[in-house]
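Enquirer: Here it is, the structure, as C-alpha coordinates.
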2 protein chains.
Amino acid sequence: MSKKEALLKAAENKVRLGGYSNFSFRELANEVGIKSASVHYHFPTKADLGAELAHQYTNSFLTALGEPNALKASGKNPINVYTQLFRSALVTDRKMCLCGLLGAESDSLPEKVRLEVKRFFNENLAWLTAAHSANGDLNPTQSAIQTVSLLEGAMMISKTLDDNSYFELATKLTE
Amino acid sequence: MSKKEALLKAAENKVRLGGYSNFSFRELANEVGIKSASVHYHFPTKADLGAELAHQYTNSFLTALGEPNALKASGKNPINVYTQLFRSALVTDRKMCLCGLLGAESDSLPEKVRLEVKRFFNENLAWLTAAHSANGDLNPTQSAIQTVSLLEGAMMISKTLDDNSYFELATKLTE
DNA sequence: TATAAATTACCTATCGGTAGGTAGGTTGTT
DNA sequence: AACAACCTACCTACCGATAGGTAATTTATA
(Lines give C-alpha, C1' and ligand atoms only; values in the text may rest on other atoms or scores of the structure.)
Protein backbone atom coordinates (compact mmCIF):
# COMPACT_ATOMS: atom_id res chain seq x y z
CA MET A 1 0.00 0.00 0.00
CA SER A 2 1.41 3.36 -1.02
CA LYS A 3 1.80 6.17 1.47
CA LYS A 4 -1.04 7.99 -0.24
CA GLU A 5 -3.38 5.03 0.16
CA ALA A 6 -2.27 4.64 3.77
CA LEU A 7 -3.03 8.31 4.42
CA LEU A 8 -6.54 7.95 2.99
CA LYS A 9 -7.14 4.80 5.02
CA ALA A 10 -5.99 6.49 8.23
CA ALA A 11 -8.12 9.53 7.47
CA GLU A 12 -11.17 7.36 6.79
CA ASN A 13 -10.88 5.71 10.18
CA LYS A 14 -10.66 9.02 11.95
CA VAL A 15 -13.43 10.76 10.02
CA ARG A 16 -15.82 7.86 10.48
CA LEU A 17 -15.32 8.12 14.24
CA GLY A 18 -15.47 11.86 14.70
CA GLY A 19 -16.02 13.82 11.51
CA TYR A 20 -13.96 16.06 9.28
CA SER A 21 -12.19 17.83 12.11
CA ASN A 22 -11.19 14.57 13.75
CA PHE A 23 -8.02 14.17 11.71
CA SER A 24 -4.97 16.33 11.29
CA PHE A 25 -2.07 16.15 8.85
CA ARG A 26 0.26 15.50 11.77
CA GLU A 27 -1.68 12.53 13.11
CA LEU A 28 -2.01 11.01 9.65
CA ALA A 29 1.67 11.53 8.96
CA ASN A 30 2.68 9.90 12.23
CA GLU A 31 0.50 6.89 11.54
CA VAL A 32 1.98 6.21 8.12
CA GLY A 33 5.53 7.14 9.07
CA ILE A 34 6.20 10.38 7.21
CA LYS A 35 6.31 14.05 8.19
CA SER A 36 3.22 16.22 8.14
CA ALA A 37 4.67 18.51 5.51
CA SER A 38 4.97 15.55 3.19
CA VAL A 39 1.25 14.95 3.33
CA HIS A 40 0.90 18.17 1.37
CA TYR A 41 2.80 16.55 -1.46
CA HIS A 42 -0.04 14.06 -1.92
CA PHE A 43 -2.88 16.41 -0.97
CA PRO A 44 -2.27 20.15 -1.38
CA THR A 45 -4.90 21.06 1.23
CA LYS A 46 -7.01 19.30 3.82
CA ALA A 47 -10.07 19.92 1.67
CA ASP A 48 -8.39 18.10 -1.22
CA LEU A 49 -7.78 15.11 1.02
CA GLY A 50 -11.34 15.18 2.33
CA ALA A 51 -12.82 15.41 -1.14
CA GLU A 52 -10.72 12.56 -2.50
CA LEU A 53 -11.60 10.48 0.54
CA ALA A 54 -15.34 10.96 0.03
CA HIS A 55 -14.97 10.36 -3.70
CA GLN A 56 -13.19 7.05 -3.27
CA TYR A 57 -15.54 6.02 -0.47
CA THR A 58 -18.50 6.55 -2.78
CA ASN A 59 -16.87 4.61 -5.60
CA SER A 60 -16.00 1.68 -3.32
CA PHE A 61 -19.51 1.68 -1.94
CA LEU A 62 -21.13 1.57 -5.35
CA THR A 63 -18.72 -1.09 -6.57
CA ALA A 64 -19.48 -3.26 -3.55
CA LEU A 65 -23.20 -2.94 -4.27
CA GLY A 66 -23.12 -4.05 -7.87
CA GLU A 67 -26.04 -3.49 -10.22
CA PRO A 68 -29.55 -3.73 -8.76
CA ASN A 69 -31.00 -5.45 -11.79
CA ALA A 70 -28.16 -7.95 -11.94
CA LEU A 71 -28.72 -8.78 -8.26
CA LYS A 72 -32.41 -9.22 -8.88
CA ALA A 73 -31.69 -11.44 -11.87
CA SER A 74 -29.46 -13.66 -9.74
CA GLY A 75 -32.27 -14.18 -7.24
CA LYS A 76 -31.17 -11.70 -4.61
CA ASN A 77 -33.22 -8.90 -3.11
CA PRO A 78 -31.09 -5.80 -3.81
CA ILE A 79 -32.51 -4.03 -0.75
CA ASN A 80 -31.18 -6.83 1.44
CA VAL A 81 -27.78 -6.46 -0.22
CA TYR A 82 -27.89 -2.74 0.46
CA THR A 83 -28.89 -3.26 4.09
CA GLN A 84 -26.13 -5.81 4.53
CA LEU A 85 -23.51 -3.31 3.36
CA PHE A 86 -24.62 -0.86 6.05
CA ARG A 87 -24.72 -3.62 8.63
CA SER A 88 -21.14 -4.65 7.96
CA ALA A 89 -19.98 -1.03 8.14
CA LEU A 90 -21.54 -0.84 11.60
CA VAL A 91 -20.81 -4.33 12.93
CA THR A 92 -17.47 -5.14 11.30
CA ASP A 93 -15.90 -1.69 11.06
CA ARG A 94 -17.67 -0.43 14.19
CA LYS A 95 -17.82 2.96 12.54
CA MET A 96 -20.34 5.37 11.06
CA CYS A 97 -20.95 5.70 7.34
CA LEU A 98 -18.34 8.25 6.21
CA CYS A 99 -20.84 10.28 4.22
CA GLY A 100 -23.53 9.99 6.87
CA LEU A 101 -21.29 11.71 9.36
CA LEU A 102 -19.97 14.24 6.85
CA GLY A 103 -23.50 14.91 5.63
CA ALA A 104 -24.65 15.80 9.13
CA GLU A 105 -21.93 18.44 9.37
CA SER A 106 -22.39 19.44 5.75
CA ASP A 107 -22.82 23.13 6.54
CA SER A 108 -19.34 23.46 7.94
CA LEU A 109 -17.54 21.50 5.23
CA PRO A 110 -15.33 22.95 2.49
CA GLU A 111 -17.27 23.22 -0.75
CA LYS A 112 -15.42 20.48 -2.62
CA VAL A 113 -15.95 18.01 0.23
CA ARG A 114 -19.63 18.86 0.50
CA LEU A 115 -20.08 18.22 -3.22
CA GLU A 116 -18.60 14.75 -2.91
CA VAL A 117 -20.93 13.94 -0.01
CA LYS A 118 -23.89 15.11 -2.08
CA ARG A 119 -22.74 12.83 -4.87
CA PHE A 120 -22.74 9.88 -2.45
CA PHE A 121 -26.41 10.40 -1.62
CA ASN A 122 -27.51 11.20 -5.15
CA GLU A 123 -25.88 8.00 -6.40
CA ASN A 124 -27.33 6.00 -3.51
CA LEU A 125 -30.83 7.32 -4.14
CA ALA A 126 -30.53 6.47 -7.82
CA TRP A 127 -29.37 2.96 -6.97
CA LEU A 128 -32.15 2.42 -4.42
CA THR A 129 -34.80 3.79 -6.76
CA ALA A 130 -33.73 1.26 -9.40
CA ALA A 131 -33.65 -1.47 -6.75
CA HIS A 132 -37.15 -0.78 -5.44
CA SER A 133 -38.33 -0.50 -9.01
CA ALA A 134 -36.89 -3.93 -9.79
CA ASN A 135 -38.78 -5.22 -6.75
CA GLY A 136 -42.04 -3.98 -8.25
CA ASP A 137 -42.42 -1.20 -5.71
CA LEU A 138 -45.18 1.20 -6.75
CA ASN A 139 -43.37 4.24 -5.34
CA PRO A 140 -39.66 3.50 -5.76
CA THR A 141 -38.56 7.12 -5.27
CA GLN A 142 -40.25 7.37 -1.91
CA SER A 143 -39.05 3.93 -0.85
CA ALA A 144 -35.49 4.87 -1.80
CA ILE A 145 -35.35 7.92 0.47
CA GLN A 146 -37.05 5.96 3.24
CA THR A 147 -34.57 3.10 2.98
CA VAL A 148 -31.44 5.23 3.11
CA SER A 149 -32.89 7.46 5.85
CA LEU A 150 -33.78 4.50 8.04
CA LEU A 151 -30.35 2.91 7.60
CA GLU A 152 -28.34 6.06 8.24
CA GLY A 153 -30.49 6.91 11.24
CA ALA A 154 -30.40 3.42 12.70
CA MET A 155 -26.65 3.32 12.27
CA MET A 156 -26.19 6.59 14.08
CA ILE A 157 -28.42 5.61 16.99
CA SER A 158 -26.78 2.20 17.35
CA LYS A 159 -23.38 3.89 17.47
CA THR A 160 -24.62 6.43 20.02
CA LEU A 161 -26.20 3.85 22.30
CA ASP A 162 -23.34 1.43 21.58
CA ASP A 163 -25.74 -1.42 20.87
CA ASN A 164 -26.15 -2.96 17.43
CA SER A 165 -29.47 -4.55 18.33
CA TYR A 166 -31.10 -1.20 17.61
CA PHE A 167 -29.92 -1.48 14.02
CA GLU A 168 -31.21 -5.02 13.81
CA LEU A 169 -34.60 -4.08 15.19
CA ALA A 170 -34.91 -1.04 12.93
CA THR A 171 -34.14 -3.08 9.81
CA LYS A 172 -36.17 -6.16 10.70
CA LEU A 173 -39.38 -6.68 8.77
CA THR A 174 -42.47 -5.80 10.82
CA GLU A 175 -44.24 -8.94 12.01
CA MET B 1 -31.26 36.68 28.29
CA SER B 2 -28.26 36.12 30.56
CA LYS B 3 -24.79 35.80 29.14
CA LYS B 4 -24.82 32.14 30.07
CA GLU B 5 -28.03 31.55 28.15
CA ALA B 6 -26.64 33.52 25.23
CA LEU B 7 -23.51 31.38 25.22
CA LEU B 8 -25.56 28.19 25.12
CA LYS B 9 -27.73 29.57 22.32
CA ALA B 10 -24.67 30.56 20.27
CA ALA B 11 -23.08 27.17 20.89
CA GLU B 12 -26.25 25.36 19.87
CA ASN B 13 -26.32 27.16 16.54
CA LYS B 14 -22.75 26.28 15.80
CA VAL B 15 -22.92 22.65 16.93
CA ARG B 16 -26.10 22.02 14.96
CA LEU B 17 -24.31 23.21 11.82
CA GLY B 18 -20.96 21.51 12.24
CA GLY B 19 -20.65 19.40 15.35
CA TYR B 20 -18.81 19.64 18.64
CA SER B 21 -15.62 21.03 17.17
CA ASN B 22 -17.49 23.75 15.29
CA PHE B 23 -17.49 26.17 18.20
CA SER B 24 -14.72 27.71 20.24
CA PHE B 25 -14.76 29.75 23.43
CA ARG B 26 -13.39 32.71 21.48
CA GLU B 27 -16.16 32.69 18.89
CA LEU B 28 -18.86 32.28 21.51
CA ALA B 29 -17.40 35.07 23.61
CA ASN B 30 -17.27 37.44 20.62
CA GLU B 31 -20.87 36.72 19.75
CA VAL B 32 -22.22 37.50 23.19
CA GLY B 33 -19.84 40.39 23.85
CA ILE B 34 -17.49 39.10 26.54
CA LYS B 35 -13.92 37.81 26.60
CA SER B 36 -13.10 34.17 26.02
CA ALA B 37 -11.62 33.77 29.50
CA SER B 38 -14.98 34.83 30.96
CA VAL B 39 -16.70 31.89 29.34
CA HIS B 40 -14.76 29.68 31.74
CA TYR B 41 -16.56 31.38 34.61
CA HIS B 42 -19.85 29.94 33.37
CA PHE B 43 -18.46 26.66 32.03
CA PRO B 44 -15.17 25.40 33.49
CA THR B 45 -14.35 23.34 30.40
CA LYS B 46 -15.64 22.90 26.88
CA ALA B 47 -16.98 19.47 27.86
CA ASP B 48 -19.03 21.07 30.63
CA LEU B 49 -20.56 23.46 28.15
CA GLY B 50 -21.25 20.68 25.67
CA ALA B 51 -22.85 18.47 28.29
CA GLU B 52 -25.08 21.23 29.62
CA LEU B 53 -26.04 22.14 26.06
CA ALA B 54 -27.11 18.58 25.26
CA HIS B 55 -28.89 18.28 28.60
CA GLN B 56 -30.96 21.41 28.09
CA TYR B 57 -31.63 20.51 24.47
CA THR B 58 -33.06 17.17 25.57
CA ASN B 59 -35.21 18.81 28.24
CA SER B 60 -36.58 21.42 25.83
CA PHE B 61 -37.29 18.72 23.30
CA LEU B 62 -39.23 16.57 25.75
CA THR B 63 -41.12 19.56 27.10
CA ALA B 64 -42.13 20.61 23.59
CA LEU B 65 -43.43 17.10 22.94
CA GLY B 66 -45.69 16.81 25.96
CA GLU B 67 -47.08 13.50 27.12
CA PRO B 68 -47.99 10.92 24.44
CA ASN B 69 -51.11 9.73 26.24
CA ALA B 70 -52.30 13.30 26.83
CA LEU B 71 -51.85 14.05 23.12
CA LYS B 72 -53.76 10.94 22.20
CA ALA B 73 -56.52 11.86 24.65
CA SER B 74 -56.87 15.27 23.03
CA GLY B 75 -57.37 13.67 19.62
CA LYS B 76 -53.87 14.13 18.24
CA ASN B 77 -51.61 11.44 16.80
CA PRO B 78 -48.46 11.70 18.95
CA ILE B 79 -46.31 10.41 16.08
CA ASN B 80 -47.45 13.34 13.96
CA VAL B 81 -46.55 15.69 16.79
CA TYR B 82 -43.14 14.08 17.01
CA THR B 83 -42.58 14.30 13.27
CA GLN B 84 -43.64 17.94 13.28
CA LEU B 85 -41.02 18.78 15.89
CA PHE B 86 -38.31 17.35 13.66
CA ARG B 87 -39.76 19.11 10.64
CA SER B 88 -39.65 22.50 12.33
CA ALA B 89 -36.05 21.89 13.44
CA LEU B 90 -35.16 21.28 9.81
CA VAL B 91 -37.41 23.81 8.05
CA THR B 92 -37.56 26.66 10.56
CA ASP B 93 -34.12 26.39 12.16
CA ARG B 94 -32.49 25.06 8.99
CA LYS B 95 -30.23 23.00 11.21
CA MET B 96 -29.59 19.40 12.18
CA CYS B 97 -30.88 17.86 15.38
CA LEU B 98 -28.21 18.66 17.96
CA CYS B 99 -28.07 15.13 19.30
CA GLY B 100 -28.29 13.58 15.86
CA LEU B 101 -25.10 15.31 14.87
CA LEU B 102 -23.38 14.71 18.20
CA GLY B 103 -24.50 11.09 18.15
CA ALA B 104 -22.83 10.52 14.80
CA GLU B 105 -19.51 11.74 16.19
CA SER B 106 -20.15 10.03 19.52
CA ASP B 107 -16.83 8.18 19.54
CA SER B 108 -14.79 11.36 19.64
CA LEU B 109 -16.87 13.17 22.27
CA PRO B 110 -15.88 13.77 25.90
CA GLU B 111 -17.53 11.21 28.15
CA LYS B 112 -19.94 13.59 29.86
CA VAL B 113 -21.19 14.92 26.53
CA ARG B 114 -21.65 11.44 25.12
CA LEU B 115 -23.73 10.45 28.16
CA GLU B 116 -26.09 13.37 27.59
CA VAL B 117 -26.51 12.40 23.96
CA LYS B 118 -27.32 8.86 24.99
CA ARG B 119 -29.91 10.22 27.38
CA PHE B 120 -31.54 12.10 24.50
CA PHE B 121 -32.08 8.92 22.52
CA ASN B 122 -33.08 6.78 25.47
CA GLU B 123 -35.72 9.33 26.45
CA ASN B 124 -36.88 9.66 22.86
CA LEU B 125 -37.22 5.92 22.43
CA ALA B 126 -39.21 5.68 25.65
CA TRP B 127 -41.51 8.47 24.48
CA LEU B 128 -42.00 6.92 21.06
CA THR B 129 -42.63 3.48 22.47
CA ALA B 130 -45.39 4.94 24.65
CA ALA B 131 -46.75 6.86 21.66
CA HIS B 132 -46.88 3.85 19.35
CA SER B 133 -48.39 1.87 22.18
CA ALA B 134 -51.12 4.47 22.62
CA ASN B 135 -51.77 4.14 18.88
CA GLY B 136 -52.40 0.44 19.32
CA ASP B 137 -49.20 -0.55 17.54
CA LEU B 138 -48.48 -4.26 18.01
CA ASN B 139 -44.72 -3.75 18.15
CA PRO B 140 -44.20 -0.33 19.73
CA THR B 141 -40.52 -0.90 20.55
CA GLN B 142 -39.66 -1.68 16.96
CA SER B 143 -41.81 1.15 15.64
CA ALA B 144 -40.09 3.57 18.03
CA ILE B 145 -36.59 2.84 16.77
CA GLN B 146 -37.83 2.92 13.17
CA THR B 147 -39.52 6.27 13.66
CA VAL B 148 -36.55 8.05 15.20
CA SER B 149 -34.13 6.43 12.72
CA LEU B 150 -36.18 7.52 9.75
CA LEU B 151 -36.50 11.08 11.02
CA GLU B 152 -32.84 11.53 11.93
CA GLY B 153 -31.76 10.01 8.64
CA ALA B 154 -34.19 12.01 6.54
CA MET B 155 -33.12 15.18 8.30
CA MET B 156 -29.48 14.52 7.61
CA ILE B 157 -30.03 13.72 3.94
CA SER B 158 -32.26 16.77 3.41
CA LYS B 159 -29.56 18.95 4.96
CA THR B 160 -26.87 17.35 2.81
CA LEU B 161 -28.80 17.69 -0.42
CA ASP B 162 -30.14 21.07 0.71
CA ASP B 163 -33.70 20.13 -0.22
CA ASN B 164 -36.43 19.67 2.37
CA SER B 165 -38.63 17.76 -0.04
CA TYR B 166 -36.58 14.67 0.77
CA PHE B 167 -37.73 14.96 4.37
CA GLU B 168 -41.32 15.39 3.26
CA LEU B 169 -41.19 12.38 0.98
CA ALA B 170 -39.53 10.22 3.62
CA THR B 171 -42.16 11.06 6.22
CA LYS B 172 -45.19 10.92 3.94
CA LEU B 173 -47.48 7.94 4.37
CA THR B 174 -47.07 5.39 1.58
CA GLU B 175 -49.95 5.62 -0.87
C1' DT C 1 -19.33 44.50 52.07
C1' DA C 2 -19.76 40.26 49.98
C1' DT C 3 -20.31 37.88 45.93
C1' DA C 4 -20.96 37.56 40.99
C1' DA C 5 -19.21 38.55 36.62
C1' DA C 6 -16.08 39.99 33.95
C1' DT C 7 -11.33 41.74 32.80
C1' DT C 8 -6.12 41.58 31.40
C1' DA C 9 -2.46 38.98 30.43
C1' DC C 10 -0.76 35.04 29.86
C1' DC C 11 0.42 29.77 28.88
C1' DT C 12 1.14 25.43 26.17
C1' DA C 13 -0.30 22.72 22.41
C1' DT C 14 -1.78 22.19 17.98
C1' DC C 15 -3.57 23.59 13.61
C1' DG C 16 -3.07 23.97 8.24
C1' DG C 17 0.17 25.61 5.36
C1' DT C 18 4.76 27.31 3.20
C1' DA C 19 9.80 27.72 1.97
C1' DG C 20 13.62 25.63 0.58
C1' DG C 21 16.25 21.67 0.09
C1' DT C 22 17.71 16.73 -1.19
C1' DA C 23 18.43 11.77 -2.60
C1' DG C 24 17.28 8.81 -6.10
C1' DG C 25 15.10 7.60 -10.25
C1' DT C 26 13.34 8.69 -15.08
C1' DT C 27 13.26 10.97 -19.45
C1' DG C 28 15.03 13.49 -23.38
C1' DT C 29 18.69 15.12 -26.31
C1' DT C 30 22.96 14.92 -28.54
C1' DA D 1 26.95 6.29 -23.82
C1' DA D 2 26.87 10.71 -21.57
C1' DC D 3 24.80 14.38 -19.55
C1' DA D 4 21.27 17.73 -18.64
C1' DA D 5 16.70 18.32 -17.17
C1' DC D 6 13.09 16.89 -14.75
C1' DC D 7 10.14 14.17 -11.46
C1' DT D 8 8.89 11.69 -7.13
C1' DA D 9 8.76 11.51 -2.45
C1' DC D 10 10.23 12.92 0.95
C1' DC D 11 12.87 16.11 4.64
C1' DT D 12 13.83 20.26 8.25
C1' DA D 13 12.45 24.45 9.86
C1' DC D 14 9.27 27.69 10.34
C1' DC D 15 4.95 30.77 9.79
C1' DG D 16 0.64 33.08 11.68
C1' DA D 17 -3.49 31.64 13.66
C1' DT D 18 -6.20 29.39 16.85
C1' DA D 19 -7.27 26.02 20.35
C1' DG D 20 -8.53 25.25 25.46
C1' DG D 21 -7.22 26.75 29.74
C1' DT D 22 -5.23 29.43 34.07
C1' DA D 23 -4.06 33.14 37.60
C1' DA D 24 -4.55 37.44 39.34
C1' DT D 25 -7.19 41.42 39.30
C1' DT D 26 -10.94 44.69 38.55
C1' DT D 27 -15.76 46.07 38.09
C1' DA D 28 -20.60 45.76 38.95
C1' DT D 29 -24.49 44.42 41.68
C1' DA D 30 -27.40 42.93 45.73
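For the C-alpha coordinates, the naming scheme is as follows: chains receive sequential letters (A, B, ...) according to their order of presentation, residues are indexed from 1 within each chain, and ligands are indexed from 1 in presentation order.
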Tell me the residues of chain B close to chain C, meaning within 10 Å using only C-alpha atoms (C1' of nucleotides), as a ChimeraX atom specification.

Expert: /B:3,34-35,37-39,41-42

Enquirer: Quick one: which residues from chain D are at most 10 Å off chain B, using only C-alpha atoms (C1' of nucleotides), as a list in words?

Expert: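 Applying the cut-off to the listed atoms yields DT18, DA19, DG20, DG21 and DT22 of chain D.
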
Enquirer: Can I get the residues of stretch 83-171 of chain A within 10 Å of stretch 81-105 of chain B, each with the closest pair of atoms and their distance in Å to one decimal, using only C-alpha atoms, sorted chain first then ascending number, as a tab-separated table?

Expert:
```
residue	atom	partner	partner_atom	distance
A:Lys95	CA	B:Ala104	CA	9.3
A:Met96	CA	B:Ala104	CA	6.8
A:Cys97	CA	B:Ala104	CA	9.1
A:Leu98	CA	B:Ala104	CA	9.9
A:Gly100	CA	B:Ala104	CA	8.0
A:Leu101	CA	B:Ala104	CA	5.8
A:Leu102	CA	B:Ala104	CA	9.2
A:Gly103	CA	B:Leu101	CA	9.4
A:Ala104	CA	B:Leu101	CA	5.8
A:Glu105	CA	B:Leu101	CA	7.1
A:Ser106	CA	B:Met96	CA	9.7
A:Asp107	CA	B:Lys95	CA	8.8
A:Glu152	CA	B:Ala104	CA	9.7
A:Gly153	CA	B:Gly100	CA	8.4
A:Met155	CA	B:Ala104	CA	8.5
A:Met156	CA	B:Ala104	CA	5.2
A:Ile157	CA	B:Gly103	CA	6.8
A:Ser158	CA	B:Gly103	CA	9.2
A:Lys159	CA	B:Ala104	CA	7.2
A:Thr160	CA	B:Gly103	CA	5.0
A:Leu161	CA	B:Gly103	CA	8.5
```

Enquirer: Record the distance separating atom CA of B:Phe43 and atom CA of B:Ser108, expressed in Å with one decimal.

Expert: 20.0 Å

Enquirer: If we count only C-alpha atoms (C1' of nucleotides), what is near B:Thr141 at a cut-off of 12 Å, once residues fewer than 2 positions away on the same chain are taken out, given as an mmCIF file with N, CA and C atoms, in the first residue's frame?

Expert:
```cif
data_model
loop_
_atom_site.group_PDB
_atom_site.id
_atom_site.type_symbol
_atom_site.label_atom_id
_atom_site.label_comp_id
_atom_site.auth_asym_id
_atom_site.auth_seq_id
_atom_site.Cartn_x
_atom_site.Cartn_y
_atom_site.Cartn_z
ATOM 1 N N SER A 165 -28.127 -3.961 18.421
ATOM 2 C CA SER A 165 -29.468 -4.547 18.326
ATOM 3 C C SER A 165 -30.502 -3.502 17.887
ATOM 4 N N TYR A 166 -30.192 -2.239 18.100
ATOM 5 C CA TYR A 166 -31.102 -1.197 17.608
ATOM 6 C C TYR A 166 -31.146 -1.206 16.081
ATOM 7 N N LEU A 169 -33.158 -4.252 14.998
ATOM 8 C CA LEU A 169 -34.602 -4.083 15.187
ATOM 9 C C LEU A 169 -35.181 -3.096 14.162
ATOM 10 N N ALA A 170 -34.422 -2.051 13.883
ATOM 11 C CA ALA A 170 -34.905 -1.040 12.928
ATOM 12 C C ALA A 170 -35.031 -1.610 11.521
ATOM 13 N N LYS A 172 -35.411 -4.918 10.768
ATOM 14 C CA LYS A 172 -36.171 -6.158 10.705
ATOM 15 C C LYS A 172 -37.554 -5.885 10.111
ATOM 16 N N THR A 174 -41.405 -5.841 9.811
ATOM 17 C CA THR A 174 -42.468 -5.800 10.817
ATOM 18 C C THR A 174 -43.254 -7.101 10.771
ATOM 19 N N ASN B 122 -32.335 7.663 24.578
ATOM 20 C CA ASN B 122 -33.085 6.777 25.466
ATOM 21 C C ASN B 122 -34.444 7.378 25.822
ATOM 22 N N ASN B 124 -36.057 9.618 24.063
ATOM 23 C CA ASN B 124 -36.878 9.664 22.856
ATOM 24 C C ASN B 124 -37.486 8.307 22.534
ATOM 25 N N LEU B 125 -36.692 7.257 22.705
ATOM 26 C CA LEU B 125 -37.216 5.917 22.430
ATOM 27 C C LEU B 125 -38.327 5.554 23.411
ATOM 28 N N ALA B 126 -38.155 5.954 24.656
ATOM 29 C CA ALA B 126 -39.208 5.685 25.649
ATOM 30 C C ALA B 126 -40.492 6.419 25.263
ATOM 31 N N TRP B 127 -40.340 7.672 24.872
ATOM 32 C CA TRP B 127 -41.508 8.474 24.481
ATOM 33 C C TRP B 127 -42.216 7.849 23.279
ATOM 34 N N LEU B 128 -41.419 7.477 22.282
ATOM 35 C CA LEU B 128 -41.997 6.922 21.058
ATOM 36 C C LEU B 128 -42.627 5.563 21.290
ATOM 37 N N THR B 129 -42.041 4.792 22.163
ATOM 38 C CA THR B 129 -42.631 3.481 22.469
ATOM 39 C C THR B 129 -44.010 3.672 23.111
ATOM 40 N N ALA B 130 -44.091 4.629 24.039
ATOM 41 C CA ALA B 130 -45.394 4.939 24.647
ATOM 42 C C ALA B 130 -46.372 5.455 23.605
ATOM 43 N N ALA B 131 -45.883 6.280 22.696
ATOM 44 C CA ALA B 131 -46.751 6.860 21.663
ATOM 45 C C ALA B 131 -47.298 5.791 20.726
ATOM 46 N N HIS B 132 -46.421 4.912 20.251
ATOM 47 C CA HIS B 132 -46.883 3.851 19.347
ATOM 48 C C HIS B 132 -47.817 2.894 20.085
ATOM 49 N N SER B 133 -47.526 2.696 21.353
ATOM 50 C CA SER B 133 -48.388 1.867 22.183
ATOM 51 C C SER B 133 -49.788 2.460 22.264
ATOM 52 N N ASP B 137 -50.228 0.150 18.317
ATOM 53 C CA ASP B 137 -49.201 -0.550 17.541
ATOM 54 C C ASP B 137 -48.847 -1.869 18.233
ATOM 55 N N LEU B 138 -48.746 -2.954 17.424
ATOM 56 C CA LEU B 138 -48.477 -4.264 18.009
ATOM 57 C C LEU B 138 -47.012 -4.450 18.393
ATOM 58 N N ASN B 139 -46.141 -3.645 17.812
ATOM 59 C CA ASN B 139 -44.716 -3.752 18.152
ATOM 60 C C ASN B 139 -44.142 -2.355 18.395
ATOM 61 N N SER B 143 -41.328 -0.057 16.329
ATOM 62 C CA SER B 143 -41.807 1.152 15.641
ATOM 63 C C SER B 143 -41.080 2.392 16.143
ATOM 64 N N ALA B 144 -40.776 2.410 17.442
ATOM 65 C CA ALA B 144 -40.091 3.567 18.028
ATOM 66 C C ALA B 144 -38.719 3.770 17.400
ATOM 67 N N ILE B 145 -37.929 2.697 17.344
ATOM 68 C CA ILE B 145 -36.586 2.837 16.766
ATOM 69 C C ILE B 145 -36.665 3.156 15.278
ATOM 70 N N GLN B 146 -37.674 2.619 14.607
ATOM 71 C CA GLN B 146 -37.831 2.916 13.175
ATOM 72 C C GLN B 146 -38.221 4.371 12.952
ATOM 73 N N THR B 147 -39.080 4.884 13.817
ATOM 74 C CA THR B 147 -39.517 6.270 13.658
ATOM 75 C C THR B 147 -38.367 7.253 13.840
ATOM 76 N N VAL B 148 -37.628 7.091 14.942
ATOM 77 C CA VAL B 148 -36.550 8.047 15.200
ATOM 78 C C VAL B 148 -35.419 7.879 14.183
#
```

Enquirer: Here is a test: counting only C-alpha atoms, which residue of A:Phe120, A:Leu173, A:Ala154, A:Pro78 is nearest to chain B?

Expert: A:Ala154

Enquirer: Tell me which of A:Ser74, A:Asn30, A:Thr171, A:Asn13 sits closest to chain B, counting only C-alpha atoms.

Expert: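 Among the listed residues, the smallest separation from chain B belongs to A:Thr171.
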
Enquirer: To one decimal in Å, tell me the separation between atom CA of A:Glu12 and atom CA of A:Leu109.

Expert: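 Those two atoms sit 15.6 Å apart.
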
Enquirer: For a test of reading the model, state the distance in Å between atom CA of B:Asn69 and atom CA of B:Phe121, rounded to one decimal.

Expert: 19.4 Å

Enquirer: Let's see if you can do this: from backbone DSSP, list all alpha helix (DSSP H) residues in stretch 25-61 of chain A, as an NGL selection string.

Expert: :A and (25-32 or 36-42 or 46-61)

Enquirer: Which of these residues is nearest to chain A, using only C-alpha atoms: B:Asn135, B:Thr63, B:Gln142, B:Asn80?

Expert: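 Using only C-alpha atoms, the shortest distance to chain A belongs to B:Gln142.
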
Enquirer: Determine the nearest neighbour of chain B from the options A:Leu65, A:Ala134, A:Leu49, A:Val113, counting only C-alpha atoms.

Expert: A:Val113
